[in-house]
>>> print(open('input.cif').read())   # mmCIF, C-alpha atoms and all ligand atoms
data_entry
loop_
_atom_site.label_atom_id
_atom_site.label_comp_id
_atom_site.auth_asym_id
_atom_site.auth_seq_id
_atom_site.Cartn_x
_atom_site.Cartn_y
_atom_site.Cartn_z
CA MET A 669 -57.01 42.99 -71.26
CA GLN A 670 -60.53 42.49 -72.54
CA LEU A 671 -62.90 39.73 -71.43
CA SER A 672 -64.75 37.96 -74.20
CA LYS A 673 -68.37 36.87 -73.88
CA ASP A 674 -67.22 33.32 -74.64
CA ASN A 675 -64.84 33.34 -71.68
CA ILE A 676 -67.59 34.58 -69.39
CA GLN A 677 -70.15 32.10 -70.69
CA ALA A 678 -67.74 29.24 -70.19
CA GLN A 679 -67.42 30.33 -66.56
CA ASN A 680 -71.20 30.42 -66.22
CA GLN A 681 -71.78 26.81 -67.27
CA SER A 682 -71.12 25.12 -63.94
CA GLY A 683 -73.58 27.33 -62.05
CA LEU A 684 -76.50 27.41 -64.49
CA LYS A 685 -78.42 24.45 -63.09
CA HIS A 686 -78.28 25.79 -59.56
CA HIS A 687 -79.31 29.23 -60.82
CA GLU A 688 -82.33 27.83 -62.70
CA ALA A 689 -83.58 26.04 -59.59
CA ASN A 690 -83.16 29.13 -57.39
CA TYR A 691 -84.68 31.48 -59.96
CA ASN A 692 -87.71 29.30 -60.60
CA HIS A 693 -88.36 28.94 -56.88
CA LEU A 694 -88.16 32.70 -56.33
CA ALA A 695 -90.17 33.53 -59.46
CA GLU A 696 -92.94 31.17 -58.38
CA GLY A 697 -93.20 32.86 -54.97
CA LEU A 698 -93.15 36.37 -56.41
CA THR A 699 -95.69 35.52 -59.13
CA ALA A 700 -98.02 34.21 -56.42
CA GLN A 701 -97.74 37.66 -54.79
CA GLY A 702 -98.87 39.25 -58.05
CA ILE A 703 -95.43 40.48 -59.09
CA ASP A 704 -94.50 40.49 -62.78
CA VAL A 705 -91.08 38.87 -62.53
CA GLU A 706 -89.98 39.56 -66.11
CA THR A 707 -90.62 43.28 -65.69
CA LEU A 708 -88.66 43.17 -62.47
CA VAL A 709 -85.67 41.47 -64.13
CA LYS A 710 -85.77 44.01 -66.95
CA ALA A 711 -85.79 46.93 -64.51
CA VAL A 712 -82.76 45.50 -62.70
CA ALA A 713 -80.95 44.85 -66.00
CA ASP A 714 -81.59 48.42 -67.17
CA PHE A 715 -80.19 50.00 -64.00
CA GLN A 716 -76.71 51.28 -64.85
CA VAL A 717 -74.29 52.96 -62.49
CA ALA A 718 -71.29 55.11 -63.44
CA VAL A 719 -67.85 54.23 -62.19
CA PRO A 720 -65.70 57.27 -61.46
CA SER A 721 -62.30 57.36 -63.09
CA TRP A 722 -60.60 57.88 -59.70
CA ALA A 723 -61.99 54.68 -58.17
CA LEU A 724 -60.03 52.22 -60.29
CA GLY A 725 -56.80 52.61 -58.38
CA ALA A 726 -56.13 52.21 -54.69
CA GLY A 727 -57.36 55.07 -52.55
CA GLY A 728 -55.60 56.24 -49.48
CA THR A 729 -56.00 58.08 -46.21
CA ARG A 730 -54.19 61.11 -44.87
CA PHE A 731 -51.84 58.63 -43.22
CA GLY A 732 -50.70 57.06 -46.46
CA ARG A 733 -51.57 54.95 -49.41
CA PHE A 734 -50.89 51.32 -50.23
CA SER A 735 -50.81 50.89 -53.99
CA PHE A 736 -52.47 47.93 -55.66
CA HIS A 737 -50.62 45.90 -58.23
CA GLY A 738 -51.66 46.31 -61.84
CA GLU A 739 -53.42 49.66 -61.26
CA PRO A 740 -54.37 51.56 -64.41
CA GLY A 741 -51.68 54.13 -65.15
CA ASN A 742 -53.62 56.25 -67.64
CA LEU A 743 -57.14 57.02 -68.83
CA GLU A 744 -57.10 54.33 -71.52
CA GLN A 745 -56.28 51.68 -68.92
CA LYS A 746 -59.00 53.04 -66.63
CA MET A 747 -61.51 52.68 -69.46
CA ALA A 748 -60.33 49.12 -69.96
CA ASP A 749 -60.97 48.43 -66.26
CA VAL A 750 -64.52 49.82 -66.50
CA GLY A 751 -64.90 47.59 -69.57
CA ILE A 752 -63.95 44.55 -67.48
CA LEU A 753 -66.42 45.53 -64.77
CA HIS A 754 -69.18 46.05 -67.30
CA ALA A 755 -68.46 42.81 -69.16
CA LEU A 756 -68.80 40.84 -65.91
CA THR A 757 -71.62 42.74 -64.16
CA GLN A 758 -73.46 44.39 -67.08
CA THR A 759 -74.22 47.15 -64.57
CA ALA A 760 -71.30 49.56 -65.02
CA GLY A 761 -72.22 50.99 -68.40
CA ALA A 762 -70.93 54.50 -67.69
CA VAL A 763 -67.82 56.31 -66.56
CA SER A 764 -67.62 59.61 -64.71
CA LEU A 765 -64.44 61.56 -65.47
CA HIS A 766 -62.63 63.85 -63.12
CA ILE A 767 -60.84 66.84 -64.58
CA PRO A 768 -57.90 67.44 -64.55
CA TRP A 769 -56.91 63.98 -63.23
CA ASP A 770 -58.26 62.29 -66.35
CA THR A 771 -58.30 64.89 -69.10
CA PRO A 772 -58.23 62.98 -72.42
CA GLU A 773 -55.34 63.60 -74.76
CA ASP A 774 -56.87 61.91 -77.80
CA TYR A 775 -60.67 62.34 -77.70
CA ALA A 776 -61.38 60.15 -80.72
CA ALA A 777 -59.36 57.30 -79.25
CA VAL A 778 -61.05 57.58 -75.84
CA LYS A 779 -64.52 57.65 -77.41
CA GLN A 780 -63.69 54.65 -79.55
CA LEU A 781 -62.50 52.78 -76.48
CA ALA A 782 -65.76 53.62 -74.68
CA ASP A 783 -67.82 52.38 -77.65
CA GLN A 784 -65.81 49.18 -77.78
CA HIS A 785 -66.67 48.48 -74.13
CA GLY A 786 -70.29 49.68 -74.36
CA ILE A 787 -69.65 52.56 -71.97
CA VAL A 788 -71.08 56.10 -72.03
CA PHE A 789 -69.76 59.25 -70.34
CA ASP A 790 -71.96 60.32 -67.44
CA ALA A 791 -71.61 63.45 -65.29
CA ILE A 792 -68.19 65.07 -65.46
CA ASN A 793 -66.50 66.39 -62.31
CA SER A 794 -64.56 69.62 -61.84
CA ASN A 795 -61.85 70.11 -59.24
CA THR A 796 -61.28 73.38 -57.44
CA PHE A 797 -60.24 71.70 -54.21
CA GLN A 798 -56.60 71.27 -55.27
CA ASP A 799 -54.13 73.63 -56.87
CA GLN A 800 -53.24 72.44 -60.34
CA PRO A 801 -49.69 72.48 -61.69
CA GLY A 802 -49.05 75.79 -63.42
CA ALA A 803 -52.21 77.45 -62.09
CA ALA A 804 -51.78 81.18 -61.53
CA LEU A 805 -53.77 81.36 -58.30
CA SER A 806 -54.28 79.15 -55.24
CA TYR A 807 -57.49 77.68 -53.77
CA LYS A 808 -55.98 77.38 -50.32
CA HIS A 809 -58.60 79.78 -48.94
CA GLY A 810 -61.47 78.74 -51.17
CA SER A 811 -62.47 78.68 -54.81
CA LEU A 812 -66.01 79.75 -55.74
CA CYS A 813 -66.36 81.51 -52.37
CA ASN A 814 -62.96 83.21 -52.34
CA THR A 815 -62.66 86.83 -51.24
CA ASP A 816 -60.44 87.46 -54.30
CA GLU A 817 -62.39 88.04 -57.50
CA ALA A 818 -59.55 86.75 -59.69
CA ILE A 819 -59.47 83.42 -57.84
CA ARG A 820 -63.23 83.04 -58.19
CA ALA A 821 -62.93 83.80 -61.89
CA GLN A 822 -60.23 81.14 -62.32
CA ALA A 823 -62.45 78.59 -60.58
CA VAL A 824 -65.50 79.50 -62.70
CA GLU A 825 -63.42 79.27 -65.88
CA HIS A 826 -62.15 75.83 -64.85
CA ASN A 827 -65.77 74.65 -64.64
CA HIS A 828 -66.49 76.09 -68.08
CA GLU A 829 -63.47 74.23 -69.43
CA VAL A 830 -64.67 70.97 -67.84
CA VAL A 831 -68.00 71.41 -69.63
CA ARG A 832 -66.20 71.91 -72.96
CA ILE A 833 -64.27 68.68 -72.35
CA GLY A 834 -67.47 66.84 -71.41
CA GLU A 835 -69.22 68.09 -74.55
CA LYS A 836 -66.59 66.39 -76.69
CA LEU A 837 -67.31 63.08 -74.97
CA GLY A 838 -71.11 63.20 -74.82
CA SER A 839 -71.54 64.02 -71.12
CA LYS A 840 -74.69 65.95 -70.24
CA SER A 841 -74.05 67.11 -66.69
CA LEU A 842 -71.43 68.81 -64.56
CA THR A 843 -70.92 67.86 -60.92
CA VAL A 844 -69.62 70.60 -58.66
CA TRP A 845 -68.24 69.65 -55.28
CA LEU A 846 -66.48 72.32 -53.26
CA ALA A 847 -64.07 71.95 -50.39
CA ASP A 848 -64.70 75.63 -49.62
CA GLY A 849 -65.17 76.38 -45.96
CA THR A 850 -63.28 77.28 -42.80
CA SER A 851 -61.38 75.42 -40.13
CA PHE A 852 -61.64 78.05 -37.42
CA PRO A 853 -64.42 80.28 -36.05
CA GLY A 854 -64.19 83.83 -37.31
CA GLN A 855 -62.05 82.88 -40.30
CA ARG A 856 -64.64 84.08 -42.80
CA SER A 857 -68.07 85.68 -42.93
CA PHE A 858 -70.63 82.89 -43.50
CA GLN A 859 -72.99 85.24 -45.33
CA LYS A 860 -70.37 86.68 -47.67
CA ALA A 861 -68.92 83.24 -48.47
CA LEU A 862 -72.39 81.94 -49.36
CA ALA A 863 -73.21 85.02 -51.45
CA GLN A 864 -69.97 84.70 -53.45
CA THR A 865 -70.60 80.99 -53.97
CA GLU A 866 -74.10 81.66 -55.28
CA LYS A 867 -72.76 84.27 -57.68
CA SER A 868 -70.04 81.92 -58.94
CA CYS A 869 -72.52 79.00 -59.33
CA LYS A 870 -74.78 81.25 -61.41
CA GLU A 871 -71.84 82.14 -63.65
CA ILE A 872 -71.03 78.44 -64.16
CA TYR A 873 -74.70 77.68 -64.84
CA ALA A 874 -74.91 80.51 -67.38
CA GLY A 875 -72.17 78.81 -69.41
CA LEU A 876 -73.92 75.43 -69.65
CA PRO A 877 -75.20 74.20 -73.01
CA ASP A 878 -79.01 74.05 -73.15
CA ASP A 879 -79.15 70.28 -72.80
CA TRP A 880 -76.81 70.15 -69.81
CA SER A 881 -77.60 70.12 -66.11
CA MET A 882 -75.55 71.12 -63.11
CA LEU A 883 -75.37 68.94 -60.01
CA ILE A 884 -74.43 70.61 -56.73
CA GLU A 885 -72.97 68.33 -54.08
CA TYR A 886 -72.92 69.15 -50.36
CA LYS A 887 -70.85 67.95 -47.42
CA PRO A 888 -70.92 69.01 -43.76
CA TYR A 889 -67.18 68.96 -43.01
CA GLU A 890 -63.79 67.86 -44.33
CA PRO A 891 -61.31 68.96 -45.55
CA ASN A 892 -62.38 72.01 -43.56
CA PHE A 893 -63.33 71.18 -40.00
CA TYR A 894 -65.32 74.15 -38.72
CA SER A 895 -67.65 74.99 -41.59
CA THR A 896 -68.35 74.07 -45.21
CA VAL A 897 -70.04 76.65 -47.45
CA ILE A 898 -72.42 74.08 -49.03
CA MET A 899 -72.90 72.16 -45.82
CA ASP A 900 -76.18 70.33 -46.37
CA TRP A 901 -78.98 69.45 -48.81
CA GLY A 902 -80.88 72.62 -47.91
CA THR A 903 -77.99 74.86 -48.93
CA SER A 904 -77.49 72.91 -52.15
CA PHE A 905 -81.24 73.08 -52.85
CA MET A 906 -81.22 76.83 -52.30
CA LEU A 907 -78.27 77.30 -54.68
CA ALA A 908 -79.86 75.02 -57.30
CA ASN A 909 -83.06 77.09 -57.14
CA ALA A 910 -81.04 80.30 -57.45
CA CYS A 911 -79.26 78.97 -60.57
CA GLY A 912 -82.28 77.70 -62.50
CA ASP A 913 -84.36 74.78 -63.74
CA ARG A 914 -81.44 72.62 -64.81
CA ALA A 915 -79.53 72.87 -61.56
CA TYR A 916 -80.11 70.07 -59.06
CA THR A 917 -78.92 68.75 -55.74
CA LEU A 918 -76.64 65.72 -55.65
CA VAL A 919 -76.82 63.40 -52.64
CA ASP A 920 -73.67 61.56 -51.60
CA LEU A 921 -74.46 58.93 -48.96
CA GLY A 922 -71.30 59.74 -46.99
CA HIS A 923 -71.92 63.47 -46.83
CA HIS A 924 -74.19 63.64 -43.80
CA LEU A 925 -73.72 63.97 -40.08
CA PRO A 926 -74.20 60.73 -38.12
CA ASN A 927 -77.75 59.30 -38.02
CA SER A 928 -79.15 61.71 -40.62
CA ASN A 929 -82.35 60.38 -42.18
CA ILE A 930 -81.07 60.25 -45.76
CA GLU A 931 -84.20 58.56 -47.11
CA GLN A 932 -86.21 61.55 -45.92
CA VAL A 933 -83.73 63.93 -47.58
CA VAL A 934 -84.21 61.97 -50.83
CA ALA A 935 -88.01 62.11 -50.51
CA THR A 936 -88.00 65.85 -49.84
CA LEU A 937 -85.75 66.67 -52.80
CA MET A 938 -87.70 64.41 -55.15
CA ALA A 939 -91.01 65.93 -54.08
CA LYS A 940 -89.60 69.27 -55.25
CA GLY A 941 -88.13 67.86 -58.50
CA LYS A 942 -84.61 68.82 -57.47
CA LEU A 943 -82.72 65.55 -57.06
CA GLY A 944 -80.35 65.13 -60.00
CA GLY A 945 -77.49 62.93 -58.90
CA PHE A 946 -76.58 60.25 -56.43
CA HIS A 947 -73.24 59.02 -55.11
CA PHE A 948 -73.16 55.57 -53.50
CA ASN A 949 -70.84 54.45 -50.72
CA ASP A 950 -71.19 53.37 -47.09
CA SER A 951 -69.92 54.65 -43.80
CA LYS A 952 -69.70 53.95 -40.10
CA TYR A 953 -68.45 57.28 -38.77
CA GLY A 954 -68.11 59.96 -41.44
CA ASP A 955 -67.29 60.19 -45.12
CA ASP A 956 -65.65 56.77 -44.93
CA ASP A 957 -66.18 55.89 -48.62
CA LEU A 958 -66.59 52.19 -47.82
CA THR A 959 -68.08 49.54 -50.10
CA VAL A 960 -71.79 50.15 -50.75
CA GLY A 961 -73.96 48.01 -48.47
CA SER A 962 -71.05 46.87 -46.30
CA ILE A 963 -72.21 48.66 -43.14
CA LYS A 964 -75.88 49.71 -43.41
CA PRO A 965 -77.65 47.67 -46.09
CA TYR A 966 -81.12 48.24 -44.57
CA ALA A 967 -80.64 52.03 -44.72
CA LEU A 968 -79.68 51.65 -48.38
CA PHE A 969 -82.89 49.70 -49.00
CA LEU A 970 -84.99 52.41 -47.31
CA ILE A 971 -83.27 55.04 -49.47
CA PHE A 972 -84.06 53.01 -52.59
CA ASN A 973 -87.67 52.77 -51.47
CA GLU A 974 -87.85 56.57 -51.66
CA LEU A 975 -85.92 56.68 -54.95
CA VAL A 976 -88.31 54.17 -56.52
CA TYR A 977 -91.33 56.09 -55.19
CA GLY A 978 -89.90 59.35 -56.52
CA MET A 979 -89.02 57.93 -59.94
CA ARG A 980 -92.64 56.75 -60.26
CA ASN A 981 -94.40 59.76 -58.83
CA ASN A 982 -92.20 62.82 -59.32
CA PRO A 983 -91.57 63.20 -63.07
CA ASN A 984 -90.01 66.64 -62.56
CA ASN A 985 -86.75 65.03 -61.49
CA PRO A 986 -84.31 64.34 -64.31
CA ASP A 987 -82.89 60.91 -65.13
CA MET A 988 -80.58 60.42 -62.20
CA ALA A 989 -76.79 60.44 -62.56
CA TRP A 990 -75.95 57.35 -60.46
CA MET A 991 -72.34 56.94 -59.46
CA ILE A 992 -70.24 54.94 -57.02
CA ASP A 993 -68.09 57.32 -54.96
CA ALA A 994 -66.03 55.01 -52.81
CA SER A 995 -62.37 54.54 -52.05
CA HIS A 996 -60.54 51.24 -51.88
CA ASN A 997 -57.72 51.25 -49.42
CA ILE A 998 -57.25 47.56 -48.71
CA LYS A 999 -59.30 45.69 -51.35
CA ASP A 1000 -58.72 45.06 -55.03
CA PRO A 1001 -60.53 48.13 -56.47
CA LEU A 1002 -62.31 46.08 -59.14
CA GLU A 1003 -63.50 43.48 -56.64
CA ASP A 1004 -64.67 46.25 -54.31
CA LEU A 1005 -66.61 47.90 -57.16
CA MET A 1006 -68.26 44.59 -58.06
CA GLN A 1007 -69.41 44.24 -54.44
CA SER A 1008 -70.80 47.79 -54.55
CA LEU A 1009 -72.61 47.21 -57.85
CA GLU A 1010 -74.19 44.04 -56.46
CA ALA A 1011 -75.31 45.84 -53.29
CA ILE A 1012 -76.88 48.66 -55.31
CA GLN A 1013 -78.80 46.29 -57.56
CA GLU A 1014 -79.89 44.20 -54.60
CA ALA A 1015 -81.28 47.21 -52.75
CA TYR A 1016 -83.00 48.42 -55.91
CA ALA A 1017 -84.59 45.03 -56.62
CA LYS A 1018 -85.83 44.73 -53.05
CA ALA A 1019 -87.32 48.22 -53.18
CA LEU A 1020 -89.16 47.22 -56.37
CA LEU A 1021 -90.73 44.32 -54.45
CA ILE A 1022 -92.46 46.60 -51.95
CA ASP A 1023 -96.22 46.43 -52.42
CA GLN A 1024 -96.88 50.18 -52.59
CA GLU A 1025 -100.65 49.80 -52.64
CA ALA A 1026 -100.66 47.63 -49.55
CA LEU A 1027 -98.25 50.04 -47.86
CA THR A 1028 -100.52 52.99 -48.63
CA ALA A 1029 -103.53 51.08 -47.28
CA ALA A 1030 -101.66 50.18 -44.09
CA GLN A 1031 -100.59 53.81 -43.68
CA LEU A 1032 -104.20 55.00 -44.06
CA ASN A 1033 -105.30 52.43 -41.46
CA HIS A 1034 -102.55 53.60 -39.09
CA ASP A 1035 -101.44 49.96 -39.03
CA VAL A 1036 -97.86 50.64 -38.02
CA VAL A 1037 -97.06 46.97 -37.54
CA GLN A 1038 -98.24 46.10 -41.04
CA CYS A 1039 -96.21 48.96 -42.54
CA GLN A 1040 -93.06 47.46 -41.06
CA GLU A 1041 -94.06 43.95 -42.16
CA ILE A 1042 -94.43 45.13 -45.77
CA LEU A 1043 -91.04 46.83 -45.85
CA GLN A 1044 -89.21 44.04 -44.09
CA GLY A 1045 -90.97 41.35 -46.10
CA ALA A 1046 -89.42 42.87 -49.22
CA TYR A 1047 -86.06 43.41 -47.54
CA ARG A 1048 -85.79 39.81 -46.34
CA THR A 1049 -86.38 38.37 -49.82
CA ASP A 1050 -83.21 36.93 -51.33
CA VAL A 1051 -83.27 38.63 -54.74
CA ARG A 1052 -79.88 37.41 -55.93
CA PRO A 1053 -81.39 34.98 -58.49
CA LEU A 1054 -83.10 38.01 -60.12
CA LEU A 1055 -79.76 39.80 -60.36
CA GLU A 1056 -78.19 36.68 -61.87
CA ARG A 1057 -80.97 36.45 -64.43
CA ALA A 1058 -80.56 40.13 -65.33
CA ARG A 1059 -76.82 39.67 -65.87
CA LEU A 1060 -77.23 36.45 -67.85
CA GLY A 1061 -79.77 38.10 -70.14
CA ARG A 1062 -77.18 40.72 -71.12
CA GLY A 1063 -74.28 38.30 -71.53
CA GLY A 1064 -72.70 38.97 -68.14
CA ALA A 1065 -71.38 36.64 -65.48
CA LEU A 1066 -73.59 34.54 -63.23
CA ASN A 1067 -71.08 35.25 -60.47
CA PRO A 1068 -68.94 38.28 -61.44
CA LEU A 1069 -66.51 38.06 -58.55
CA GLY A 1070 -66.03 34.31 -58.99
CA ALA A 1071 -65.46 34.71 -62.74
CA TYR A 1072 -63.02 37.58 -62.14
CA ARG A 1073 -60.94 35.36 -59.89
CA ALA A 1074 -61.26 32.21 -61.99
CA LEU A 1075 -60.25 34.07 -65.13
CA GLY A 1076 -57.20 35.52 -63.36
CA VAL A 1077 -58.08 39.10 -64.33
CA ARG A 1078 -55.88 40.84 -61.77
CA GLU A 1079 -52.96 38.54 -62.61
CA GLY A 1080 -53.48 39.43 -66.28
CA LEU A 1081 -53.50 43.16 -65.48
CA ILE A 1082 -50.29 42.84 -63.48
CA ALA A 1083 -48.65 40.97 -66.37
CA GLU A 1084 -49.70 43.79 -68.73
CA ARG A 1085 -49.00 46.80 -66.54
CA GLY A 1086 -46.52 45.66 -63.94
CA LYS A 1087 -46.71 45.69 -60.17
CA HIS A 1088 -45.82 49.30 -59.49
CA THR A 1089 -48.13 51.43 -61.62
CA VAL A 1090 -49.88 54.29 -59.86
CA ALA A 1091 -53.33 55.54 -60.85
CA THR A 1092 -53.87 59.28 -61.22
CA GLY A 1093 -56.04 60.89 -58.62
CA LEU A 1094 -55.58 61.80 -54.99
MN MN A 1101 -69.40 62.40 -53.96
#
>>> encode(input="input.cif", output="structure tokens")
Amino acid sequence: MQLSKDNIQAQNQSGLKHHEANYNHLAEGLTAQGIDVETLVKAVADFQVAVPSWALGAGGTRFGRFSFHGEPGNLEQKMADVGILHALTQTAGAVSLHIPWDTPEDYAAVKQLADQHGIVFDAINSNTFQDQPGAALSYKHGSLCNTDEAIRAQAVEHNHEVVRIGEKLGSKSLTVWLADGTSFPGQRSFQKALAQTEKSCKEIYAGLPDDWSMLIEYKPYEPNFYSTVIMDWGTSFMLANACGDRAYTLVDLGHHLPNSNIEQVVATLMAKGKLGGFHFNDSKYGDDDLTVGSIKPYALFLIFNELVYGMRNNPNNPDMAWMIDASHNIKDPLEDLMQSLEAIQEAYAKALLIDQEALTAAQLNHDVVQCQEILQGAYRTDVRPLLERARLGRGGALNPLGAYRALGVREGLIAERGKHTVATGL
């Protein structure tokens, strides 16, 4: 199923007048504040986020999984789903593959499909947190940190293979996330596990092509519940520094202990030129993988404030690999992703509204009240007409979710694929 621009434009007709009125009203107010609205719309339109190949089917919990009708049953169908998202939102112009869940069989066909939908291949993800069918050795007691040299070598070689796959598709970065850790005190030496992990990361890094970067993700707990080898941003930062210039830390919003100041983590990493990737989701308690912006939208805005500041002032950071890393247990995955994409763009647009000069002046005057007024003034602005204008300019939908429902996309996917398909992944 592929959405045509004509179909989408026909859906847009009924809302255009209302959009014009809202946009003009907002643009007038912003222009009066000295904001160049066209530049703002262009920045929003240019902001593209990768959709991971595992997010297009229903997720699950350790208690079970409720499948969603019409799920994509193979990589080609997953690409088609990203194509639908991108056609409607004009924001999902990239896909992030997970190996081995989505190893292409026919590279030329997959690339052609991506071109057809206007999608590029962003960071590619390895998996040493599961045993793969036919694998000689098990990761039950760790992969890159394992006490057994042969197991570490198998895990390193898997990462090299993922890079070779990514090269064929045009990816330029490898994301490494490890489940390595312990569930009980005394199970393993912290120091030795970290030393082995550093050695393995260096071996992976040494195999990267010159124009590739390596993104090292951290997480404090789960699936291990006592310790994780790469537990926090500091450990990731240390490993990235040990590997070299093209190794960076990747921040996943769900991978922090409760109440962590993630915006400060972002600022610190960007100041050192070591933030390379970003995974969006939202959470209430832990790594809940909920829809972006569904629980803490103000925190997301504060994080974007630091991202915007860093992108302007810290040129040592690479172009960021943005990705949604959420799981959809009870929503239509495509609808959930559209809500996440909207929340990301909204937070970004609001962060762009912050008057940085006025904020700096208020900071220098120790005018704490004014600092808060500046941030919250931007946050309280309803920027949705800017997002609509950005989408319209690229041929997307005025209201992606509304168009998705009106065009009967899910019903069409069920008719094509059937009710009981199951997406690959966890
Ligand atoms: Mn992640």
>>> residues_around(input="input.cif", residues="Asn793 in chain A", least_positions_apart="6", cutoff="6 Å", atoms="only C-alpha atoms", output="mmCIF file with C-alpha atoms, in the frame of the given file")
data_model
loop_
_atom_site.group_PDB
_atom_site.id
_atom_site.type_symbol
_atom_site.label_atom_id
_atom_site.label_comp_id
_atom_site.auth_asym_id
_atom_site.auth_seq_id
_atom_site.Cartn_x
_atom_site.Cartn_y
_atom_site.Cartn_z
ATOM 1 C CA HIS A 766 -62.630 63.850 -63.120
ATOM 2 C CA LEU A 842 -71.430 68.810 -64.560
ATOM 3 C CA THR A 843 -70.920 67.860 -60.920
#
>>> closest_residue(input="input.cif", among="A:Gly978, A:Gly786, A:Gly834, A:Gly922", to="ligand MN 1101 (chain A)", atoms="all atoms listed in the file")
A:Gly922
>>> residues_near_ligand(input="input.cif", ligand="ligand MN 1101 (chain A)", cutoff="6 Å", atoms="all atoms listed in the file", output="number ranges by chain")
A: 920, 947, 993
>>> closest_residue(input="input.cif", among="A:Thr1049, A:Cys911, A:Asp816, A:Phe893", to="Ala874 in chain A", atoms="all atoms listed in the file")
A:Cys911
>>> closest_residue(input="input.cif", among="A:Gly702, A:Gly751, A:Gly738, A:Gly849", to="Asp1023 in chain A", atoms="all atoms listed in the file")
A:Gly702
>>> closest_residue(input="input.cif", among="A:Pro888, A:Gly761, A:Gly1061, A:Gly854", to="Pro926 in chain A", atoms="only C-alpha atoms")
A:Pro888
>>> closest_residue(input="input.cif", among="A:Phe905, A:Tyr691, A:Tyr966, A:Phe946", to="Val1051 in chain A", atoms="only C-alpha atoms")
A:Tyr691
>>> atom_distance(input="input.cif", atom1="CA of His828 in chain A", atom2="CA of Ala910 in chain A")
18.5 Å
>>> atom_distance(input="input.cif", atom1="CA of Ala1065 in chain A", atom2="CA of Ala762 in chain A")
18.0 Å
>>> closest_residue(input="input.cif", among="A:Glu706, A:Asp790, A:Asp957, A:Asp674", to="Asp1004 in chain A", atoms="only C-alpha atoms")
A:Asp957
>>> residues_near_point(input="input.cif", point="(-88.4, 44.4, -43.6)", cutoff="12 Å", atoms="all atoms listed in the file", output="list of chain:residue names")
A:Pro965, A:Tyr966, A:Ala967, A:Phe969, A:Leu970, A:Asn973, A:Ala1015, A:Lys1018, A:Ala1019, A:Leu1021, A:Ile1022, A:Asp1023, A:Val1037, A:Gln1038, A:Cys1039, A:Gln1040, A:Glu1041, A:Ile1042, A:Leu1043, A:Gln1044, A:Gly1045, A:Ala1046, A:Tyr1047, A:Arg1048, A:Thr1049, A:Asp1050
>>> atom_distance(input="input.cif", atom1="CA of Ser672 in chain A", atom2="CA of Glu1079 in chain A")
16.5 Å
>>> axis_aligned_box(input="input.cif", around="range 715-719 of chain A", padding_each_side="8 Å", output="JSON")
{"center_x": -74.0, "center_y": 52.6, "center_z": -63.5, "size_x": 28.3, "size_y": 21.1, "size_z": 18.7}
